[in-house]
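Chemist: Please read through the structure below; I'll follow up with questions.
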Amino acid sequence: MSNDYRSRQERRQKQKANAKTKKDRASLVKKILLGLLLFIGAGLVAGTIAVFAIIQDAPTLKPAMLDTPFTTTFYDRNNDPIPTEFSETIERDKVDIKNVPEMMKQAVISIEDRRFYDHFGIDVRRIIGAAIDDIRKGRLAEGGSTITQQVVKRSILSPKKTFVRKIQEAWLAIQLEQHYTKDEILEMYLNKIYYGNGAYGLKTAAEVYFDTKDLSKLNLSQMALLAGLPNAPSAYDPYEHPKKAAERRNQVLEAMVETGAISEKQAQEAKAKPVTKLLAKKDEDSTPPYYGAFLEEVFKELKEQKIVTDLTQFKQGGLKIYTTVDPESQKKVYKLQHSDEIPYPDKNFDIGAALLDTKTGAIRAIGGGRDYTSFQSGTNRALDTSNIPGSNIKPILDYGPAIEFLKWPTVHPIVDEKYKYPGSDTVVGEWDGEYWGKMTIERALAWSRNVPAVKALVATTEEVGKDKVSGFVQGLGIPLKDSYYYSAALGTMNVSPLQMAGAYSAFGNKGVYHEPYAVRKVVFPNGKTVELHHEPEVAMHDYTAYMITDMLKAVVNKGTGQMADISGLPVAGKTGSTQIPDKTQEKYDISEDGYLDEWFTGYTPEFTLSVWTGYPSITDEDGNVQFIRFGEGIDATDLAKLYFKKLISDISSKDVEDWEMPDSVVKVAIEKDTRKLPSENTPE
């Protein structure tokens, strides 16, 4: 057989093999493509079914919903509406679309929805663009909504940003376009939208910002300013942020040039007008700002639970928010912070207070501070966690676990003596520089001795471990790391008055802890109701709660908290002070004694109140050193106790019954000197 013949045979075999390989590859590709098509088809079918189900579950479009003013209404614990500083300051004036100048319409449409007169309720091009942006950011961003969709969102649906809401919003927008003209929809939008400073609706906004209800009197610059506000009313507030307001107005003018609504020359002339000269004098809100600090906690809770997503939805979402606030208590809390009933040493001295229902954890009032005059007007001192509690922590971290796990009686002996933190050369200091020797833990707590408190924490930690101790403290809502140092016994963590009130209320409630809460339920414009359930947690045995309470009554009756004692009322509580660090004293050349923080947290069977006092910083705006100083008579160190006494005296019921001793506690007489059970030789 010649070599040529073999070569031809080999080539034929190779060609056959290649042909088979190509055929196999083609078959595999076909199978993959078929599989992908089937997968995509199944996904489309499943997606279509899901979308159909979401649409079926969408609320019914009702004219009454579209016409409702959607200011959020807040209710107190008695279900009565409460006034808020961001409620409408004047009656909402609705505008007829016929009375809206064409230039005003063009300003709104140019910046909000350029294809408003062309789409059928949804703008496919904007939706695709927004979807791509959402994918890139990995979240649902605001965008892609037409004016029609915004009407639906503000009228019918909840404000939550979810894919379900987006689908229902689009569906209802299409329906809305089928039942109403474009001008009718635009009129709904202009009457619903929030423009800031209590102004809902275009006509109201014109009166608030320009002191006119006649829109035809507005110039182009004013119209552009109004058109830009709804995007972020607070951020673009022309009174508070004129520079940002001007930038936003200019964006609107540029958009109008791009859509052909105005010329470049008109835009430049409008841009040249200073925002501050366009405005009327601001009409200061006359609504008493009693509830601002409380509403900040309401907003915080709803945002954390994703019931609202931002301030605009909170204020103008058309919600009915049922809170726990007691109007009389809230007014008294506010007035005590802003009156001369408490002898505050100077204007910078501040105070934060949180009042709870001892049995339920419901927040009855919030005192945001002396410089806190309206919603989010500054640091809310009741919610501020930048301060440390000092000895206010001792019942929670030191003596509570000792009684809970080691079953120490209130007469457990302990020695106040020179003592170093275990494993350290640091000596535990006493607030008076002295050591009082042997005493009971009741006396140690009553007089806030530091060494016994540290010893109690050390003993419990060594016996049961850090996990159990930190678990006990965390179970009372106080942030404590599992790897705490023994110096924590003297209150070195950061807490807020609200957290401290929550923890102490468990002692007054037989050991049952309720996380403090301000909201009971929320009703959406479509009638959907969200009930907020607040489940109690057993944080300790009833014997621990009772014995800590008994010891804290001694603090008020005969210890450091005597100024908080209220005749005829069972009161338990604890003082707390934080000293000025040595480095701070050296840096600012502080030679006199004083404190950075002064606390009093106390409770009755009805109410729990935690009060923090101090200064926002070690120096004032002129560089002068400021801290809590001692003085003659009632001085700055007493004001937390005095505030507690005045408020609780005013709001408490008559004939409040004392705490009942549980069966788990045994009360016996002991010898005064030996702390042992009496014998037959013990004298009377």
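Chain labels follow the order of the structure tokens: the first chain is A, the next B, and so on; residue numbering restarts at 1 in every chain, and ligands are counted from 1 in their shown order.
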List every residue of range 322-434 of chain A that DSSP, applied to the backbone, labels as alpha helix (DSSP H), and write the result as number ranges by chain.
Modeler: A: 327-337, 400-406
Chemist: Would you put the residues from that selection into a file with N, CA, C and O atoms, as a PDB file, in the first residue's frame?
Modeler:
ATOM      1  N   PRO A 327     -50.244  63.928  76.563  1.00  0.00           N
ATOM      2  CA  PRO A 327     -50.095  65.357  76.252  1.00  0.00           C
ATOM      3  C   PRO A 327     -49.753  66.225  77.449  1.00  0.00           C
ATOM      4  O   PRO A 327     -48.922  67.130  77.352  1.00  0.00           O
ATOM      5  N   GLU A 328     -50.366  65.951  78.605  1.00  0.00           N
ATOM      6  CA  GLU A 328     -50.098  66.777  79.785  1.00  0.00           C
ATOM      7  C   GLU A 328     -48.666  66.580  80.275  1.00  0.00           C
ATOM      8  O   GLU A 328     -47.978  67.536  80.635  1.00  0.00           O
ATOM      9  N   SER A 329     -48.213  65.334  80.282  1.00  0.00           N
ATOM     10  CA  SER A 329     -46.838  65.055  80.713  1.00  0.00           C
ATOM     11  C   SER A 329     -45.833  65.671  79.747  1.00  0.00           C
ATOM     12  O   SER A 329     -44.813  66.236  80.162  1.00  0.00           O
ATOM     13  N   GLN A 330     -46.117  65.565  78.446  1.00  0.00           N
ATOM     14  CA  GLN A 330     -45.199  66.114  77.448  1.00  0.00           C
ATOM     15  C   GLN A 330     -45.081  67.632  77.591  1.00  0.00           C
ATOM     16  O   GLN A 330     -43.986  68.195  77.486  1.00  0.00           O
ATOM     17  N   LYS A 331     -46.192  68.295  77.828  1.00  0.00           N
ATOM     18  CA  LYS A 331     -46.156  69.749  78.009  1.00  0.00           C
ATOM     19  C   LYS A 331     -45.357  70.126  79.249  1.00  0.00           C
ATOM     20  O   LYS A 331     -44.576  71.091  79.239  1.00  0.00           O
ATOM     21  N   LYS A 332     -45.528  69.365  80.325  1.00  0.00           N
ATOM     22  CA  LYS A 332     -44.806  69.671  81.561  1.00  0.00           C
ATOM     23  C   LYS A 332     -43.310  69.419  81.405  1.00  0.00           C
ATOM     24  O   LYS A 332     -42.483  70.180  81.924  1.00  0.00           O
ATOM     25  N   VAL A 333     -42.965  68.353  80.702  1.00  0.00           N
ATOM     26  CA  VAL A 333     -41.550  68.065  80.435  1.00  0.00           C
ATOM     27  C   VAL A 333     -40.923  69.221  79.672  1.00  0.00           C
ATOM     28  O   VAL A 333     -39.832  69.699  80.013  1.00  0.00           O
ATOM     29  N   TYR A 334     -41.616  69.690  78.650  1.00  0.00           N
ATOM     30  CA  TYR A 334     -41.096  70.787  77.827  1.00  0.00           C
ATOM     31  C   TYR A 334     -40.985  72.075  78.643  1.00  0.00           C
ATOM     32  O   TYR A 334     -39.965  72.773  78.599  1.00  0.00           O
ATOM     33  N   LYS A 335     -42.030  72.389  79.394  1.00  0.00           N
ATOM     34  CA  LYS A 335     -42.036  73.643  80.150  1.00  0.00           C
ATOM     35  C   LYS A 335     -40.976  73.650  81.245  1.00  0.00           C
ATOM     36  O   LYS A 335     -40.366  74.693  81.528  1.00  0.00           O
ATOM     37  N   LEU A 336     -40.745  72.498  81.887  1.00  0.00           N
ATOM     38  CA  LEU A 336     -39.701  72.427  82.912  1.00  0.00           C
ATOM     39  C   LEU A 336     -38.318  72.713  82.318  1.00  0.00           C
ATOM     40  O   LEU A 336     -37.445  73.259  82.992  1.00  0.00           O
ATOM     41  N   GLN A 337     -38.133  72.319  81.061  1.00  0.00           N
ATOM     42  CA  GLN A 337     -36.841  72.545  80.426  1.00  0.00           C
ATOM     43  C   GLN A 337     -36.692  73.968  79.896  1.00  0.00           C
ATOM     44  O   GLN A 337     -35.576  74.407  79.627  1.00  0.00           O
ATOM     45  N   GLY A 400     -27.486  44.182  90.542  1.00  0.00           N
ATOM     46  CA  GLY A 400     -28.524  43.344  89.937  1.00  0.00           C
ATOM     47  C   GLY A 400     -28.048  41.926  89.672  1.00  0.00           C
ATOM     48  O   GLY A 400     -28.673  40.948  90.136  1.00  0.00           O
ATOM     49  N   PRO A 401     -26.943  41.736  88.934  1.00  0.00           N
ATOM     50  CA  PRO A 401     -26.436  40.376  88.698  1.00  0.00           C
ATOM     51  C   PRO A 401     -26.027  39.662  89.982  1.00  0.00           C
ATOM     52  O   PRO A 401     -26.189  38.434  90.090  1.00  0.00           O
ATOM     53  N   ALA A 402     -25.491  40.387  90.974  1.00  0.00           N
ATOM     54  CA  ALA A 402     -25.085  39.749  92.229  1.00  0.00           C
ATOM     55  C   ALA A 402     -26.289  39.145  92.944  1.00  0.00           C
ATOM     56  O   ALA A 402     -26.219  38.040  93.503  1.00  0.00           O
ATOM     57  N   ILE A 403     -27.399  39.861  92.923  1.00  0.00           N
ATOM     58  CA  ILE A 403     -28.617  39.328  93.549  1.00  0.00           C
ATOM     59  C   ILE A 403     -29.241  38.239  92.681  1.00  0.00           C
ATOM     60  O   ILE A 403     -29.685  37.204  93.183  1.00  0.00           O
ATOM     61  N   GLU A 404     -29.252  38.449  91.378  1.00  0.00           N
ATOM     62  CA  GLU A 404     -29.859  37.493  90.453  1.00  0.00           C
ATOM     63  C   GLU A 404     -29.163  36.140  90.470  1.00  0.00           C
ATOM     64  O   GLU A 404     -29.806  35.087  90.570  1.00  0.00           O
ATOM     65  N   PHE A 405     -27.827  36.145  90.375  1.00  0.00           N
ATOM     66  CA  PHE A 405     -27.075  34.890  90.225  1.00  0.00           C
ATOM     67  C   PHE A 405     -26.486  34.369  91.536  1.00  0.00           C
ATOM     68  O   PHE A 405     -26.403  33.158  91.744  1.00  0.00           O
ATOM     69  N   LEU A 406     -26.063  35.277  92.443  1.00  0.00           N
ATOM     70  CA  LEU A 406     -25.438  34.843  93.693  1.00  0.00           C
ATOM     71  C   LEU A 406     -26.425  34.887  94.862  1.00  0.00           C
ATOM     72  O   LEU A 406     -26.102  34.420  95.955  1.00  0.00           O
TER      73      LEU A 406
END
Chemist: Skip range 650-661 of chain A itself and residues of its chain fewer than 2 positions away, then list as an NGL selection string all residues within 6 Å of it, counting only C-alpha atoms.
Modeler: :A and (570 or 647-648)
Chemist: Would you put the residues from that selection into a file with C-alpha atoms, as a PDB file, in the first residue's frame?
Modeler:
ATOM      1  CA  PRO A 570     -43.153  55.138  96.840  1.00  0.00           C
ATOM      2  CA  LEU A 647     -42.315  66.255  87.240  1.00  0.00           C
ATOM      3  CA  ILE A 648     -43.242  63.053  89.073  1.00  0.00           C
TER       4      ILE A 648
END
Chemist: Write out as a count of residues only the residues lying within 12 Å of Gln562 in chain A, counting only C-alpha atoms and excluding same-chain residues fewer than 3 positions away.
Modeler: 26
Chemist: Which neighbours of Glu592 in chain A fall inside 10 Å, counting only C-alpha atoms, when residues of the same chain fewer than 4 positions from it are skipped, and could you give them as a VMD selection string?
Modeler: chain A and resid 585 629 to 630
Chemist: With all heavy atoms kept, could you save the residues just selected as a tab-separated table (two decimals), in the first residue's frame?
Modeler:
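So the final result, stored in out_3.tsv, reads:
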chain	number	residue	atom	x	y	z
A	585	GLN	N	-8.64	68.07	83.05
A	585	GLN	CA	-8.37	69.09	84.06
A	585	GLN	C	-7.05	69.79	83.79
A	585	GLN	O	-6.93	71.02	83.91
A	585	GLN	CB	-8.36	68.47	85.46
A	585	GLN	CG	-9.72	67.96	85.91
A	585	GLN	CD	-9.73	67.54	87.36
A	585	GLN	OE1	-9.22	68.26	88.22
A	585	GLN	NE2	-10.31	66.38	87.65
A	629	ARG	N	-20.70	72.64	88.35
A	629	ARG	CA	-20.00	73.14	89.53
A	629	ARG	C	-20.87	73.04	90.78
A	629	ARG	O	-22.10	73.09	90.72
A	629	ARG	CB	-19.59	74.59	89.32
A	629	ARG	CG	-18.50	74.79	88.28
A	629	ARG	CD	-18.23	76.28	88.10
A	629	ARG	NE	-16.98	76.55	87.39
A	629	ARG	CZ	-16.86	76.61	86.07
A	629	ARG	NH1	-17.94	76.42	85.31
A	629	ARG	NH2	-15.70	76.85	85.50
A	630	PHE	N	-20.19	72.93	91.92
A	630	PHE	CA	-20.88	72.98	93.20
A	630	PHE	C	-21.18	74.44	93.54
A	630	PHE	O	-20.50	75.36	93.09
A	630	PHE	CB	-20.02	72.37	94.31
A	630	PHE	CG	-19.75	70.91	94.11
A	630	PHE	CD1	-18.54	70.48	93.59
A	630	PHE	CD2	-20.71	69.97	94.45
A	630	PHE	CE1	-18.29	69.13	93.40
A	630	PHE	CE2	-20.46	68.62	94.27
A	630	PHE	CZ	-19.26	68.20	93.74
Chemist: How would you write, as a list in words, the set of residues in range 479-550 of chain A that DSSP gives as strand (DSSP E)?
Modeler: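 Taking range 479-550 of chain A and keeping strand (DSSP E) gives Val512, Tyr513, Val519, Arg520, Lys521, Val522, Val523, Thr529, Val530, Glu531, Glu537 and Val538 of chain A.
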Chemist: What's around Met493 in chain A at 8 Å? Count only C-alpha atoms, leave out sequence neighbours fewer than 3 positions away in its own chain, and write the answer as a ChimeraX atom specification.
Modeler: /A:388-389,479-480,488
Chemist: For the residues in the current selection, export all heavy atoms as a PDB file, in the first residue's frame.
Modeler:
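part.pdb was written with the following content:
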ATOM      1  N   ILE A 388     -21.889  59.123  79.466  1.00  0.00           N
ATOM      2  CA  ILE A 388     -21.722  57.913  80.275  1.00  0.00           C
ATOM      3  C   ILE A 388     -22.480  58.083  81.595  1.00  0.00           C
ATOM      4  O   ILE A 388     -22.581  59.185  82.134  1.00  0.00           O
ATOM      5  CB  ILE A 388     -20.237  57.585  80.514  1.00  0.00           C
ATOM      6  CG1 ILE A 388     -19.512  58.737  81.209  1.00  0.00           C
ATOM      7  CG2 ILE A 388     -19.559  57.263  79.197  1.00  0.00           C
ATOM      8  CD1 ILE A 388     -18.060  58.434  81.515  1.00  0.00           C
ATOM      9  N   PRO A 389     -23.024  56.991  82.147  1.00  0.00           N
ATOM     10  CA  PRO A 389     -23.969  57.102  83.259  1.00  0.00           C
ATOM     11  C   PRO A 389     -23.360  57.197  84.645  1.00  0.00           C
ATOM     12  O   PRO A 389     -24.063  57.494  85.606  1.00  0.00           O
ATOM     13  CB  PRO A 389     -24.790  55.819  83.121  1.00  0.00           C
ATOM     14  CG  PRO A 389     -23.809  54.840  82.566  1.00  0.00           C
ATOM     15  CD  PRO A 389     -22.939  55.628  81.626  1.00  0.00           C
ATOM     16  N   PRO A 479     -26.282  48.708  76.246  1.00  0.00           N
ATOM     17  CA  PRO A 479     -25.187  48.137  75.446  1.00  0.00           C
ATOM     18  C   PRO A 479     -23.949  47.867  76.300  1.00  0.00           C
ATOM     19  O   PRO A 479     -23.357  48.788  76.866  1.00  0.00           O
ATOM     20  CB  PRO A 479     -24.911  49.241  74.412  1.00  0.00           C
ATOM     21  CG  PRO A 479     -25.362  50.510  75.065  1.00  0.00           C
ATOM     22  CD  PRO A 479     -26.523  50.134  75.945  1.00  0.00           C
ATOM     23  N   LEU A 480     -23.596  46.615  76.439  1.00  0.00           N
ATOM     24  CA  LEU A 480     -22.407  46.231  77.193  1.00  0.00           C
ATOM     25  C   LEU A 480     -21.706  45.105  76.453  1.00  0.00           C
ATOM     26  O   LEU A 480     -22.308  44.074  76.150  1.00  0.00           O
ATOM     27  CB  LEU A 480     -22.781  45.761  78.607  1.00  0.00           C
ATOM     28  CG  LEU A 480     -21.609  45.299  79.483  1.00  0.00           C
ATOM     29  CD1 LEU A 480     -20.733  46.492  79.863  1.00  0.00           C
ATOM     30  CD2 LEU A 480     -22.105  44.585  80.729  1.00  0.00           C
ATOM     31  N   ALA A 488     -16.073  49.106  84.057  1.00  0.00           N
ATOM     32  CA  ALA A 488     -17.462  49.317  83.632  1.00  0.00           C
ATOM     33  C   ALA A 488     -18.401  49.375  84.828  1.00  0.00           C
ATOM     34  O   ALA A 488     -19.500  49.921  84.738  1.00  0.00           O
ATOM     35  CB  ALA A 488     -17.895  48.207  82.679  1.00  0.00           C
TER      36      ALA A 488
END
Chemist: Mind pulling up the distance from CA of Tyr543 in chain A to CA of Ser610 in chain A?
Modeler: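 Between CA of Ser610 in chain A and CA of Tyr543 in chain A the gap is 23.1 Å.
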Chemist: Have a look at A:Val325, A:Ala246, A:Leu498, A:Ala353 and name the one nearest to Asp80 in chain A; count only C-alpha atoms.
Modeler: A:Val325
Chemist: Return the single residue from A:Ile590, A:Ile351, A:Val415, A:Ala362 that is closest to Tyr517 in chain A, with distances computed using only C-alpha atoms.
Modeler: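 The answer is A:Ala362, which sits nearest to Tyr517 in chain A.
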Chemist: Which of these, A:Glu535, A:Asp398, A:Glu684, A:Glu304, has the shortest distance to Ser487 in chain A once you count only C-alpha atoms?
Modeler: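 Of A:Glu535, A:Asp398, A:Glu684, A:Glu304, the one nearest Ser487 in chain A, counting only C-alpha atoms, is A:Asp398.
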Chemist: Can you work out the spacing between CA of Tyr504 in chain A and CA of Tyr485 in chain A in Å, to one decimal?
Modeler: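 It comes out at 22.4 Å.
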Chemist: When distances are computed from only C-alpha atoms, which of A:Pro242, A:Gly260, A:Gly594, A:Pro413 shows the smallest separation from Gly437 in chain A?
Modeler: A:Pro413
Chemist: I want to know what sits within 9 Å of Gln579 in chain A, based on only C-alpha atoms, with residues of the same chain fewer than 3 positions away left out; could you give that as a list in words?
Modeler: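 Surrounding residues, per the criterion: Gly390, Trp431, Asp582, Asp593, Gly594, Tyr595, Leu596 and Asp597 of chain A.
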